[in-house]
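**Student:** Okay, so here is input_4.cif, and as you'll see once you scroll down, it has mmCIF, C-alpha atoms.
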```
data_structure
#
loop_
_atom_site.label_atom_id
_atom_site.label_comp_id
_atom_site.auth_asym_id
_atom_site.auth_seq_id
_atom_site.Cartn_x
_atom_site.Cartn_y
_atom_site.Cartn_z
CA MET A 1 23.03 11.23 3.39
CA LEU A 2 19.25 11.57 3.66
CA ASP A 3 18.05 14.44 5.83
CA TYR A 4 14.79 15.67 4.35
CA CYS A 5 12.41 14.00 6.74
CA ALA A 6 10.57 15.30 9.77
CA ALA A 7 10.78 13.48 13.07
CA PRO A 8 7.81 11.16 13.71
CA PHE A 9 4.89 12.41 15.80
CA PHE A 10 3.24 10.22 18.44
CA GLY A 11 0.37 12.24 19.90
CA ASN A 12 2.07 14.65 22.31
CA THR A 13 5.40 12.77 22.46
CA TRP A 14 8.46 13.32 20.28
CA ARG A 15 11.11 10.64 19.95
CA ASN A 16 14.65 10.81 18.67
CA ILE A 17 16.11 7.31 18.82
CA VAL A 18 19.08 5.87 16.98
CA HIS A 19 18.47 2.25 16.00
CA ASP A 20 21.10 -0.30 15.05
CA TYR A 21 19.49 -2.36 12.30
CA GLN A 22 21.78 -5.36 12.51
CA HIS A 23 20.53 -8.67 11.18
CA GLY A 24 21.69 -10.63 14.20
CA GLU A 25 19.52 -8.74 16.68
CA ILE A 26 16.15 -9.88 15.31
CA PRO A 27 14.93 -13.25 14.04
CA LEU A 28 13.55 -13.14 10.51
CA SER A 29 10.49 -15.04 11.71
CA LYS A 30 9.40 -12.17 13.98
CA ARG A 31 5.74 -11.33 13.53
CA VAL A 32 4.79 -8.41 11.28
CA ARG A 33 2.80 -5.96 13.40
CA THR A 34 3.47 -2.63 11.65
CA ALA A 35 2.42 -1.36 8.22
CA VAL A 36 3.78 1.70 6.43
CA PHE A 37 1.62 3.70 4.01
CA PRO A 38 3.48 6.23 1.82
CA VAL A 39 0.91 8.97 1.19
CA ALA A 40 3.07 12.00 0.39
CA GLY A 41 2.79 11.81 -3.42
CA LEU A 42 1.53 14.79 -5.39
CA GLY A 43 -0.99 12.88 -7.50
CA THR A 44 -0.10 14.71 -10.69
CA ARG A 45 -1.81 12.12 -12.88
CA PHE A 46 -5.15 13.18 -11.40
CA LEU A 47 -4.88 16.94 -11.65
CA PRO A 48 -6.91 19.08 -11.24
CA ALA A 49 -8.83 16.75 -8.87
CA THR A 50 -5.78 16.39 -6.62
CA LYS A 51 -4.82 20.06 -6.55
CA ALA A 52 -6.43 20.52 -3.13
CA MET A 53 -7.33 16.92 -2.19
CA PRO A 54 -4.87 14.06 -1.58
CA LYS A 55 -5.06 11.39 -4.26
CA GLU A 56 -5.33 8.80 -1.48
CA MET A 57 -8.73 10.30 -0.59
CA LEU A 58 -10.19 9.68 -4.05
CA THR A 59 -13.09 7.30 -3.61
CA VAL A 60 -13.81 3.93 -5.15
CA VAL A 61 -17.60 3.77 -4.73
CA ASP A 62 -17.85 5.37 -1.27
CA ARG A 63 -14.52 4.59 0.39
CA PRO A 64 -11.22 6.44 -0.10
CA LEU A 65 -8.27 4.54 -1.50
CA ILE A 66 -6.33 4.78 1.76
CA GLN A 67 -9.20 3.09 3.61
CA TYR A 68 -9.01 0.03 1.35
CA ALA A 69 -5.28 -0.30 2.15
CA VAL A 70 -5.83 0.10 5.89
CA ASP A 71 -8.68 -2.43 5.84
CA GLU A 72 -6.43 -4.92 4.05
CA ALA A 73 -3.70 -4.40 6.65
CA ARG A 74 -6.13 -4.78 9.55
CA GLU A 75 -7.47 -8.03 8.10
CA ALA A 76 -3.87 -9.32 7.96
CA GLY A 77 -3.40 -8.69 11.68
CA ILE A 78 -1.51 -5.38 11.51
CA GLU A 79 -1.65 -3.48 14.80
CA HIS A 80 0.26 -0.26 14.09
CA PHE A 81 -0.46 1.96 11.08
CA VAL A 82 2.29 4.38 10.00
CA PHE A 83 1.47 7.11 7.48
CA VAL A 84 4.28 8.97 5.71
CA THR A 85 2.61 12.22 4.70
CA GLY A 86 3.50 15.49 3.01
CA ARG A 87 2.12 19.00 2.79
CA ASN A 88 -1.63 19.35 2.25
CA LYS A 89 -2.26 15.80 3.50
CA GLY A 90 -3.85 16.70 6.84
CA VAL A 91 -7.23 15.40 5.69
CA ILE A 92 -5.82 11.85 5.80
CA GLU A 93 -5.10 12.25 9.50
CA ASP A 94 -8.58 13.72 9.99
CA HIS A 95 -10.12 10.74 8.19
CA PHE A 96 -8.67 8.38 10.79
CA ASP A 97 -9.82 10.53 13.69
CA ARG A 98 -13.22 10.85 15.33
CA GLN A 99 -15.64 13.50 14.06
CA PHE A 100 -17.65 14.29 17.18
CA GLU A 101 -20.04 16.77 15.54
CA LEU A 102 -20.85 14.29 12.76
CA GLU A 103 -21.24 11.40 15.20
CA THR A 104 -23.54 13.44 17.44
CA THR A 105 -25.70 14.42 14.47
CA LEU A 106 -25.97 10.85 13.20
CA GLU A 107 -26.83 9.58 16.66
CA ALA A 108 -29.51 12.25 17.15
CA ARG A 109 -31.08 11.32 13.81
CA GLY A 110 -31.05 7.61 14.57
CA LYS A 111 -28.66 6.77 11.72
CA THR A 112 -26.96 3.99 13.66
CA GLU A 113 -25.84 2.06 10.57
CA ALA A 114 -23.85 5.02 9.22
CA LEU A 115 -22.47 5.71 12.69
CA ASP A 116 -21.31 2.13 13.15
CA GLU A 117 -19.68 2.22 9.70
CA LEU A 118 -17.67 5.31 10.65
CA ARG A 119 -16.51 3.89 13.96
CA LYS A 120 -15.44 0.50 12.67
CA ASP A 121 -13.11 2.13 10.14
CA LEU A 122 -11.01 3.79 12.84
CA PRO A 123 -7.79 2.24 14.15
CA SER A 124 -7.74 1.90 17.93
CA ALA A 125 -6.46 4.85 19.94
CA GLY A 126 -2.66 5.05 19.90
CA HIS A 127 -2.29 2.64 16.98
CA SER A 128 -1.64 5.26 14.27
CA SER A 129 1.48 7.36 13.73
CA PHE A 130 2.21 10.12 11.24
CA THR A 131 5.55 11.39 9.99
CA ARG A 132 6.42 13.87 7.26
CA GLN A 133 8.38 13.40 4.04
CA GLN A 134 9.50 16.97 3.51
CA GLU A 135 10.69 16.59 -0.09
CA PRO A 136 9.39 14.33 -2.89
CA LEU A 137 12.50 12.14 -3.16
CA GLY A 138 10.80 8.89 -4.12
CA LEU A 139 9.37 5.75 -2.56
CA GLY A 140 12.66 4.65 -1.03
CA HIS A 141 12.99 7.95 0.79
CA ALA A 142 9.39 7.76 2.00
CA VAL A 143 10.07 4.33 3.48
CA TRP A 144 13.26 5.63 5.12
CA CYS A 145 11.23 8.40 6.77
CA ALA A 146 9.36 5.74 8.78
CA ARG A 147 12.54 4.26 10.28
CA GLU A 148 12.22 5.78 13.78
CA ILE A 149 8.66 4.54 14.16
CA VAL A 150 9.20 1.06 12.75
CA GLY A 151 12.41 0.50 14.68
CA ASN A 152 14.25 -2.80 14.46
CA ASN A 153 11.24 -4.78 13.28
CA PRO A 154 9.94 -6.29 10.05
CA PHE A 155 7.11 -4.28 8.49
CA ALA A 156 4.56 -4.35 5.72
CA LEU A 157 4.60 -1.70 3.01
CA LEU A 158 1.35 -0.94 1.18
CA LEU A 159 1.07 1.50 -1.73
CA PRO A 160 -2.45 2.94 -1.39
CA ASP A 161 -2.81 3.57 -5.14
CA MET A 162 -3.03 -0.18 -5.61
CA ILE A 163 -6.23 -1.82 -4.39
CA PHE A 164 -7.23 -5.44 -4.76
CA ARG A 165 -10.20 -7.71 -5.26
CA ALA A 166 -8.92 -10.66 -3.27
CA GLN A 167 -10.23 -13.00 -0.61
CA PRO A 168 -8.42 -13.35 1.68
CA GLY A 169 -6.63 -10.04 1.24
CA VAL A 170 -3.28 -9.95 -0.52
CA LEU A 171 -1.32 -8.94 2.59
CA ARG A 172 -2.94 -11.81 4.52
CA GLN A 173 -1.76 -14.22 1.84
CA MET A 174 1.74 -12.72 2.02
CA ILE A 175 1.93 -12.96 5.81
CA ASP A 176 0.89 -16.60 5.58
CA ALA A 177 3.89 -17.13 3.29
CA TYR A 178 6.16 -15.06 5.57
CA GLU A 179 5.24 -17.15 8.61
CA ASP A 180 5.98 -20.39 6.75
CA GLU A 181 9.30 -21.68 8.08
CA GLN A 182 10.45 -22.33 4.50
CA ASN A 183 10.13 -18.66 3.61
CA GLY A 184 10.39 -15.72 6.00
CA GLY A 185 12.77 -12.90 5.17
CA ASN A 186 11.31 -10.38 2.72
CA VAL A 187 8.11 -11.02 0.75
CA ILE A 188 6.82 -9.36 -2.44
CA GLY A 189 3.33 -9.75 -3.88
CA VAL A 190 3.25 -10.36 -7.64
CA GLU A 191 0.64 -10.82 -10.34
CA GLU A 192 0.80 -11.96 -13.95
CA CYS A 193 0.46 -9.43 -16.73
CA ALA A 194 0.30 -9.89 -20.49
CA TRP A 195 3.78 -10.31 -21.97
CA GLU A 196 3.26 -7.29 -24.19
CA ASP A 197 2.80 -5.17 -21.04
CA VAL A 198 5.94 -6.18 -19.13
CA SER A 199 7.77 -3.03 -20.23
CA SER A 200 5.38 -1.03 -18.03
CA TYR A 201 6.28 -2.79 -14.77
CA GLY A 202 9.01 -3.98 -12.49
CA VAL A 203 9.12 -7.77 -12.78
CA VAL A 204 10.82 -10.49 -10.76
CA VAL A 205 13.22 -13.26 -11.67
CA ARG A 206 11.37 -16.35 -10.47
CA GLY A 207 13.25 -19.15 -8.71
CA GLU A 208 12.09 -22.42 -7.22
CA GLY A 209 8.92 -22.90 -5.21
CA PRO A 210 5.12 -22.82 -5.56
CA ASP A 211 3.01 -19.77 -6.33
CA THR A 212 2.32 -19.38 -2.60
CA GLY A 213 6.02 -18.88 -1.84
CA PHE A 214 8.84 -19.04 -4.38
CA THR A 215 12.39 -17.70 -4.32
CA ILE A 216 12.98 -14.37 -6.04
CA ASN A 217 16.42 -14.28 -7.64
CA GLY A 218 16.30 -10.74 -8.97
CA MET A 219 14.18 -7.82 -10.14
CA VAL A 220 14.19 -5.97 -13.45
CA GLU A 221 12.59 -2.57 -13.91
CA LYS A 222 10.49 -2.16 -17.08
CA PRO A 223 12.32 -4.66 -19.30
CA LYS A 224 11.76 -5.07 -23.01
CA ARG A 225 9.50 -8.01 -23.78
CA GLU A 226 12.30 -10.06 -25.29
CA GLU A 227 14.51 -9.43 -22.23
CA ALA A 228 11.92 -9.95 -19.48
CA PRO A 229 12.75 -12.82 -17.08
CA SER A 230 9.04 -13.34 -16.31
CA ASN A 231 5.67 -11.64 -16.59
CA LEU A 232 5.22 -11.48 -12.81
CA PHE A 233 5.02 -7.80 -11.90
CA ILE A 234 5.46 -6.20 -8.48
CA SER A 235 2.07 -4.84 -7.43
CA GLY A 236 2.64 -2.58 -4.44
CA ARG A 237 2.66 -4.97 -1.48
CA TYR A 238 5.84 -5.82 0.42
CA ILE A 239 7.07 -7.29 3.71
CA LEU A 240 10.55 -5.99 4.46
CA GLN A 241 13.20 -6.50 7.11
CA PRO A 242 14.55 -3.42 8.95
CA GLU A 243 18.02 -3.75 7.39
CA ILE A 244 16.48 -1.96 4.40
CA PHE A 245 16.70 1.33 6.33
CA ASN A 246 20.50 1.39 6.50
CA LEU A 247 20.66 0.62 2.79
CA LEU A 248 18.24 3.42 1.97
CA ALA A 249 20.23 5.86 4.10
CA ASP A 250 23.27 5.28 1.89
CA GLN A 251 21.37 4.79 -1.36
CA ALA A 252 22.43 7.03 -4.24
CA LYS A 253 19.70 8.72 -6.21
CA GLY A 254 18.46 6.66 -9.13
CA ALA A 255 15.95 7.21 -11.92
CA GLY A 256 14.30 10.63 -11.81
CA GLY A 257 16.71 11.85 -9.13
CA GLU A 258 14.81 9.81 -6.51
CA ILE A 259 15.80 7.25 -3.88
CA GLN A 260 14.59 4.00 -5.42
CA LEU A 261 13.32 1.23 -3.15
CA THR A 262 14.07 -1.39 -5.81
CA ASP A 263 17.78 -0.49 -5.79
CA ALA A 264 17.99 -1.08 -2.03
CA MET A 265 16.07 -4.34 -2.30
CA GLN A 266 18.50 -5.58 -4.93
CA VAL A 267 21.35 -5.04 -2.48
CA LEU A 268 19.45 -6.63 0.43
CA MET A 269 18.73 -9.64 -1.77
CA GLN A 270 22.44 -10.49 -1.67
CA GLU A 271 22.18 -11.08 2.08
CA GLN A 272 18.58 -12.14 2.76
CA ARG A 273 15.92 -14.30 1.18
CA PHE A 274 13.22 -12.69 -0.94
CA THR A 275 10.02 -14.68 -1.36
CA GLY A 276 7.47 -14.07 -4.10
CA VAL A 277 3.76 -14.69 -3.60
CA LYS A 278 1.62 -14.96 -6.69
CA TYR A 279 -1.55 -14.13 -4.81
CA GLU A 280 -5.11 -15.05 -5.66
CA GLY A 281 -6.82 -11.84 -6.72
CA LYS A 282 -6.56 -8.87 -9.07
CA VAL A 283 -4.94 -5.49 -8.60
CA PHE A 284 -6.29 -2.15 -9.80
CA ASP A 285 -3.80 0.67 -10.28
CA CYS A 286 -5.91 3.58 -9.09
CA GLY A 287 -3.03 5.94 -9.70
CA SER A 288 -4.11 5.75 -13.34
CA LYS A 289 -7.44 7.00 -14.62
CA LEU A 290 -8.29 3.73 -16.38
CA GLY A 291 -7.49 1.61 -13.33
CA PHE A 292 -9.48 3.96 -11.12
CA LEU A 293 -12.55 3.85 -13.36
CA SER A 294 -12.35 0.05 -13.72
CA ALA A 295 -12.14 -0.36 -9.95
CA ASN A 296 -15.23 1.78 -9.43
CA VAL A 297 -17.26 -0.38 -11.81
CA LEU A 298 -16.19 -3.74 -10.43
CA PHE A 299 -16.27 -2.76 -6.76
CA ALA A 300 -19.78 -1.36 -7.27
CA LEU A 301 -20.85 -4.69 -8.78
CA ASP A 302 -19.51 -6.41 -5.65
CA ARG A 303 -21.81 -4.40 -3.39
CA ASP A 304 -25.07 -6.11 -2.44
CA ASP A 305 -26.69 -2.78 -1.53
CA ILE A 306 -26.21 -1.11 -4.93
CA ARG A 307 -25.51 -3.92 -7.42
CA ASP A 308 -29.02 -4.28 -8.86
CA GLY A 309 -29.56 -0.55 -9.24
CA PHE A 310 -26.13 -0.06 -10.75
CA ILE A 311 -26.67 -2.82 -13.31
CA LYS A 312 -29.97 -1.19 -14.26
CA GLU A 313 -28.24 2.15 -14.81
CA LEU A 314 -25.53 0.50 -16.92
CA ARG A 315 -28.18 -1.12 -19.10
CA ASN A 316 -29.95 2.21 -19.51
CA LEU A 317 -26.71 3.72 -20.81
CA ASP A 318 -26.70 1.22 -23.70
CA LEU A 319 -22.95 0.89 -23.37
CA GLY A 320 -22.71 -1.77 -26.10
CA ALA A 321 -23.94 0.66 -28.73
CA GLN A 322 -21.70 3.45 -27.48
CA ILE A 323 -18.64 1.19 -27.49
CA ALA A 324 -19.48 0.03 -31.02
CA GLU A 325 -19.55 3.66 -32.16
CA HIS A 326 -15.96 4.09 -31.02
#
```
In structure tokens, write the structure found in this file.
**Tutor:**
Amino acid sequence: MLDYCAAPFFGNTWRNIVHDYQHGEIPLSKRVRTAVFPVAGLGTRFLPATKAMPKEMLTVVDRPLIQYAVDEAREAGIEHFVFVTGRNKGVIEDHFDRQFELETTLEARGKTEALDELRKDLPSAGHSSFTRQQEPLGLGHAVWCAREIVGNNPFALLLPDMIFRAQPGVLRQMIDAYEDEQNGGNVIGVEECAWEDVSSYGVVVRGEGPDTGFTINGMVEKPKREEAPSNLFISGRYILQPEIFNLLADQAKGAGGEIQLTDAMQVLMQEQRFTGVKYEGKVFDCGSKLGFLSANVLFALDRDDIRDGFIKELRNLDLGAQIAEH
């Protein structure tokens, strides 16, 4: 059914492999080594800034959004980073490559701290793969486009728009739950929102278990407040089993004419366990202007090298008086 996806590219090698994603061939406790990053979106909420620059390269303080997601995955023990890209996204691939001219210049000028910062951000050679989503057919389709690279293995899915203040990182907390023998299967990170805001999110139906790993009995997309089963919203971090790919291949288009990941997860939930993790931390939706601005302020205040100067500038702005005027 789905055929708008380029074959994956591994350096100079092309692969065309048919996988049989059958549940019996892989134990659900298999370690999560691969992470998928869907970065093909058009970023229309940030136009005109994203007309020529990928939204994933917008910076919070001095790091692009995609770098925060990759850092979170690396902290969680991820070894293979899979980027599902689209047209005009080549700069993301460049960001995770070496810049020899820049490195040579920094080295010649003795700027070793900046040079070390650049090098530590790079995945090891051969640990990144890029594939193309050729049409904007939704998150489910983007995930499906990674199927040949992921293969018959569980994988993490990180939406780069969503970044977190959390220690340890949210994906690390989720993998801890996944590796618990009482959980396994599929894992979704969730966070509480105000009840009056539930209609803006997809929320889960909470079952038994502690915050660190409870059963998810269902998911509801943007419910009315009076109909919401909980105020635990899905915040862009998932661990999924490979059976999701076959479901996405046959998935009918849903809202907006797109292949919806939530629809496929609802079907998979009938066969496999879904675990919720109410993580310790806070998410910032940097796909929205307000979330992006809030993240810049709070992440700047977290930085030892700029905190004092930034606080001084905020005080000079006399924000209290300006807020009172509005």
**Student:** Taking (10.1, 10.5, 2.2) as a centre in this file's frame and 6 Å as the limit, can you find every polymer residue with an atom that close, using all atoms listed in the file, and give them as number ranges by chain?
**Tutor:** A: 133, 141-142, 145
**Student:** Excluding Arg206 in chain A and residues on its chain fewer than 6 positions from it, collect all residues at most 12 Å away from it, counting only C-alpha atoms, and give them as a PyMOL selection string.
**Tutor:** chain A and resi 188+190+192+213-220+228-234+274-278
**Student:** Considering only C-alpha atoms, state which residue in the set A:Asp197, A:Glu191, A:Glu221, A:Asp121 is at the smallest distance from Arg74 in chain A.
**Tutor:**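 Answer, going by the shortest atom-to-atom distance: A:Asp121.
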**Student:** For the atom pair CA of Leu240 in chain A and CA of Leu268 in chain A, what is the interatomic distance in Å to one decimal place?
**Tutor:**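 Interatomic distance here is 9.8 Å.
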**Student:** To one decimal place, how far is CA of Glu101 in chain A from CA of His127 in chain A in Å?
**Tutor:**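 Calculated distance between CA of Glu101 in chain A and CA of His127 in chain A is 22.7 Å.
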**Student:** Mind checking which residues fall within 9 Å of range 35-52 of chain A, counting all atoms listed in the file, ignoring those fewer than 4 positions away in the same chain, and posting them as a PyMOL selection string?
**Tutor:** chain A and resi 56+58+66+69-70+73+78-89+92+132-136+138-139+142-143+146+150+155-160+239+287-289
**Student:** Out of A:Lys312, A:Gln272, A:Gly209, A:Arg165, which residue has the shortest atom-to-atom distance to Gly184 in chain A when counting all atoms listed in the file?
**Tutor:**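 Under the stated criterion, the closest residue is A:Gln272.
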**Student:** Need the shell around range 314-325 of chain A: protein/DNA/RNA residues with any atom at most 12 Å away, counting all atoms listed in the file. Skip same-chain ones fewer than 6 positions apart. Format as a ChimeraX atom specification?
**Tutor:** /A:297,300-301,307-308
**Student:** Hey, can you check how far CA of Ala249 in chain A sits from CA of Leu261 in chain A?
**Tutor:**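 Computing the Euclidean distance for CA of Ala249 in chain A and CA of Leu261 in chain A yields 11.0 Å.
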**Student:** Provide an axis-aligned box for all listed atoms of range 135-152 of chain A, padding each side by 3 Å; report its centre and its edge lengths in Å to one decimal, as JSON.
**Tutor:**
```
{"center_x": 11.5, "center_y": 6.9, "center_z": 5.3, "size_x": 11.6, "size_y": 25.4, "size_z": 24.8}
```
**Student:** Identify which of the residues A:Glu243, A:Asp97, A:Asp62, A:Glu258 lies closest to Arg303 in chain A, counting only C-alpha atoms when measuring atom-to-atom distances.
**Tutor:**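 Closest to Arg303 in chain A of all the choices is A:Asp62.
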**Student:** Ranking A:Ala108, A:Asp305, A:Asp161, A:Val205 by minimum distance to Gln67 in chain A and counting only C-alpha atoms, which one comes first?
**Tutor:** A:Asp161
**Student:** Written as a PyMOL selection string, what is the full residue list that the PyMOL selection byres ((chain A and resi 295) around 9) yields on the file shown?
**Tutor:** chain A and resi 60-61+163-165+283-286+290-294+296-300
**Student:** Excluding Pro223 in chain A and residues on its chain fewer than 3 positions from it, collect all residues at most 8 Å away from it, counting only C-alpha atoms, and give them as a PDB file with C-alpha atoms, in the coordinates of the input.
**Tutor:**
```pdb
ATOM      1  CA  VAL A 198       5.940  -6.180 -19.130  1.00  0.00           C
ATOM      2  CA  SER A 199       7.770  -3.030 -20.230  1.00  0.00           C
ATOM      3  CA  SER A 200       5.380  -1.030 -18.030  1.00  0.00           C
ATOM      4  CA  TYR A 201       6.280  -2.790 -14.770  1.00  0.00           C
ATOM      5  CA  GLY A 202       9.010  -3.980 -12.490  1.00  0.00           C
ATOM      6  CA  VAL A 203       9.120  -7.770 -12.780  1.00  0.00           C
ATOM      7  CA  VAL A 220      14.190  -5.970 -13.450  1.00  0.00           C
ATOM      8  CA  GLU A 227      14.510  -9.430 -22.230  1.00  0.00           C
ATOM      9  CA  ALA A 228      11.920  -9.950 -19.480  1.00  0.00           C
TER      10      ALA A 228
END
```
**Student:** Find the spatial neighbours of Ala76 in chain A, counting all atoms listed in the file, within a cut-off of 10 Å - ignore same-chain residues fewer than 2 positions away - and output them as a list in words.
**Tutor:**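 That gives Val32, Arg33, Val70, Asp71, Glu72, Ala73, Arg74, Ile78, Glu79, Pro168, Gly169, Val170, Leu171, Arg172, Gln173, Met174, Ile175 and Asp176 of chain A.
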**Student:** Go through A:Arg119, A:Gly254, A:Pro54, A:Thr131 one by one, measure the shortest atom-to-atom distance of each to Glu148 in chain A using all atoms listed in the file, and give the residue with the smallest value.
**Tutor:**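 That would be A:Thr131, the residue with the smallest distance to Glu148 in chain A.
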**Student:** Considering only C-alpha atoms, can you say which of A:Trp144, A:Glu93, A:Arg98, A:Asp116 comes closest to Ser129 in chain A?
**Tutor:** A:Glu93
